[in-house]
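Read the structure below first, then the notes.
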Amino acid sequence: MLDPVARPQAGLAVRCSRALLSPWSRLSLLLLVLAAAAVTVVLYEPQRLLSAGWPPQVSGAGAVVLFALAYGLCTAAFVPRPILNLAAGALFGSQAGLVAAVAGTVLGAGIAFTLGRLLGQDALRPLLRGRWLKAADGQLSRHGFRSMLAIRLFPGVPFAAANYCAAVSRMGYLPFLLATGLGSIPNTAAYVVAGSEAASPTSPAFLFAMGFIVVSGTAAAVVAWCKRHRLRGQ
């Protein structure tokens, strides 16, 4: 004889699993993870550990690898990249510091992209109804590599915002990571060089790096203003 309680229990388990795996439940989990990361950054300031050379007992290539891993986790937790880039240059010099910073940038972007794709895409895609949102989604979905490369080259778009916007779109992993790595090199290199030459603020390398940062930031602001003005005129 079959147990009559088995079917209701099985049905309840299925309903509970569906509720937990629903798009809005996953989006709630994503928001909870991001809020916890932001609170952790505010309370513990992990960027100070990196700028002090954490972990102090590791040196050489091992320190560069650990810094890159910590860099990726910190950027996924909303630690500003310029601070980490300056720390990479101050700790490892321009060459090793650039390698660590770019690797950490790609890792952090990949973490954010994965979280957004798995936990937020299904819930957020139906909300893409505004003109700007549809335009941004279409650009990233159809021309992912080119669009993300332009976003990374011009530092006007916040790093985390670009990651999650790309995750909500239909952009693929490989174009996203390649564009992030290549497009982040110029601006990242400028900060790393500035950090490595911080003890010599009058050196040509430091002045060139700071000039590049100012010029690229100004250019990004001008391009963003022109794009916004053009969209308003449409």
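To be explicit about the labels: the chains of the structure tokens are called A, B, and onward in the order shown, and within each one the residues are counted from 1, while ligands get numbers from 1 in the order they are shown.
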
Quick one: residues within 12 Å of A:Phe159, only C-alpha atoms counted, chain neighbours fewer than 5 positions away excluded, as a VMD selection string?
chain A and resid 75 to 82 105 to 106 108 to 110 112 to 113 148 151 to 154 164 to 166 180 183 to 184

Please identify all polymer residues within 7 Å of A:Ala87, counting only C-alpha atoms, omitting same-chain residues fewer than 3 positions from it, and present them as a ChimeraX atom specification.
/A:50-51,83-84,90-91,195

Determine which residues of stretch 28-129 of chain A receive a DSSP assignment of alpha helix (DSSP H), computed from the backbone, and state them as a compact mmCIF listing (two decimals) with C-alpha atoms, in the first residue's frame.
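Here's the written file part18.txt:
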# COMPACT_ATOMS: atom_id res chain seq x y z
CA SER A 28 17.30 38.87 -3.49
CA LEU A 29 20.27 36.63 -2.76
CA LEU A 30 22.44 38.74 -5.10
CA LEU A 31 21.39 41.95 -3.35
CA LEU A 32 22.14 40.35 0.01
CA VAL A 33 25.61 39.26 -1.13
CA LEU A 34 26.38 42.72 -2.53
CA ALA A 35 25.15 44.44 0.63
CA ALA A 36 27.27 42.14 2.79
CA ALA A 37 30.30 42.86 0.61
CA ALA A 38 29.76 46.61 0.84
CA VAL A 39 29.37 46.48 4.62
CA THR A 40 32.53 44.38 4.90
CA VAL A 41 34.48 46.95 2.91
CA VAL A 42 33.22 49.81 5.08
CA LEU A 43 33.93 48.03 8.35
CA TYR A 44 37.24 46.30 7.63
CA PRO A 46 40.55 45.45 3.08
CA GLN A 47 42.33 47.85 0.72
CA ARG A 48 44.54 48.88 3.65
CA LEU A 49 45.80 45.31 3.95
CA LEU A 50 46.82 45.32 0.30
CA SER A 51 48.47 48.73 0.44
CA ALA A 61 55.85 35.74 -7.53
CA GLY A 62 53.74 34.28 -4.73
CA ALA A 63 53.02 37.75 -3.38
CA VAL A 64 52.01 38.96 -6.86
CA VAL A 65 49.60 36.03 -7.29
CA LEU A 66 48.06 36.49 -3.84
CA PHE A 67 47.73 40.22 -4.44
CA ALA A 68 45.93 39.55 -7.74
CA LEU A 69 43.52 37.16 -6.02
CA ALA A 70 42.85 39.60 -3.20
CA TYR A 71 42.52 42.42 -5.74
CA GLY A 72 39.81 40.49 -7.59
CA LEU A 73 37.83 39.83 -4.43
CA CYS A 74 38.15 43.45 -3.34
CA THR A 75 36.93 44.85 -6.66
CA ALA A 76 33.97 42.46 -6.57
CA ARG A 81 40.25 50.14 -8.35
CA PRO A 82 42.45 53.28 -8.41
CA ILE A 83 43.45 52.64 -4.80
CA LEU A 84 44.37 49.04 -5.59
CA ASN A 85 46.25 50.05 -8.73
CA LEU A 86 48.33 52.59 -6.82
CA ALA A 87 49.05 49.95 -4.18
CA ALA A 88 50.12 47.44 -6.85
CA GLY A 89 52.63 49.90 -8.29
CA ALA A 90 53.96 50.91 -4.88
CA LEU A 91 54.43 47.29 -3.79
CA PHE A 92 55.66 45.55 -6.94
CA GLY A 93 56.83 48.24 -9.34
CA SER A 94 55.40 49.07 -12.73
CA GLN A 95 55.81 45.71 -14.51
CA ALA A 96 54.83 43.16 -11.86
CA GLY A 97 52.30 45.61 -10.46
CA LEU A 98 50.59 45.94 -13.83
CA VAL A 99 50.39 42.15 -14.20
CA ALA A 100 48.87 41.80 -10.73
CA ALA A 101 46.42 44.67 -11.26
CA VAL A 102 45.18 43.53 -14.69
CA ALA A 103 44.83 39.93 -13.50
CA GLY A 104 42.91 41.11 -10.45
CA THR A 105 40.73 43.33 -12.63
CA VAL A 106 39.75 40.42 -14.88
CA LEU A 107 39.15 38.16 -11.88
CA GLY A 108 36.97 40.71 -10.11
CA ALA A 109 35.01 41.41 -13.27
CA GLY A 110 34.51 37.68 -13.81
CA ILE A 111 33.20 37.22 -10.27
CA ALA A 112 30.74 40.08 -10.64
CA PHE A 113 29.67 38.92 -14.11
CA THR A 114 29.04 35.38 -12.84
CA LEU A 115 27.00 36.60 -9.86
CA GLN A 121 19.67 38.16 -15.24
CA ASP A 122 16.36 36.28 -15.24
CA ALA A 123 14.70 38.78 -12.91
CA LEU A 124 16.11 41.97 -14.43

Between A:Leu27, A:Ile213, A:Val168, A:Leu207, which has the minimum distance to A:Thr188 (counting only C-alpha atoms)?
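That would be A:Ile213, the residue with the smallest distance to A:Thr188.
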
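Of the listed residues A:Ala52, A:Ala199, A:Ile185, A:Ala221, the one whose atoms come nearest to A:Val157 is A:Ala221, with distances taken using only C-alpha atoms.
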
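Distances to A:Pro186 were evaluated for A:Pro155, A:Pro23, A:Gly172, A:Pro204 using only C-alpha atoms, and the minimum falls at A:Pro155.
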
Between atom CA of A:Gly144 and atom CA of A:Ala220, what is the distance, to one decimal in Å?
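We find that atom CA of A:Gly144 and atom CA of A:Ala220 lie 19.3 Å from each other.
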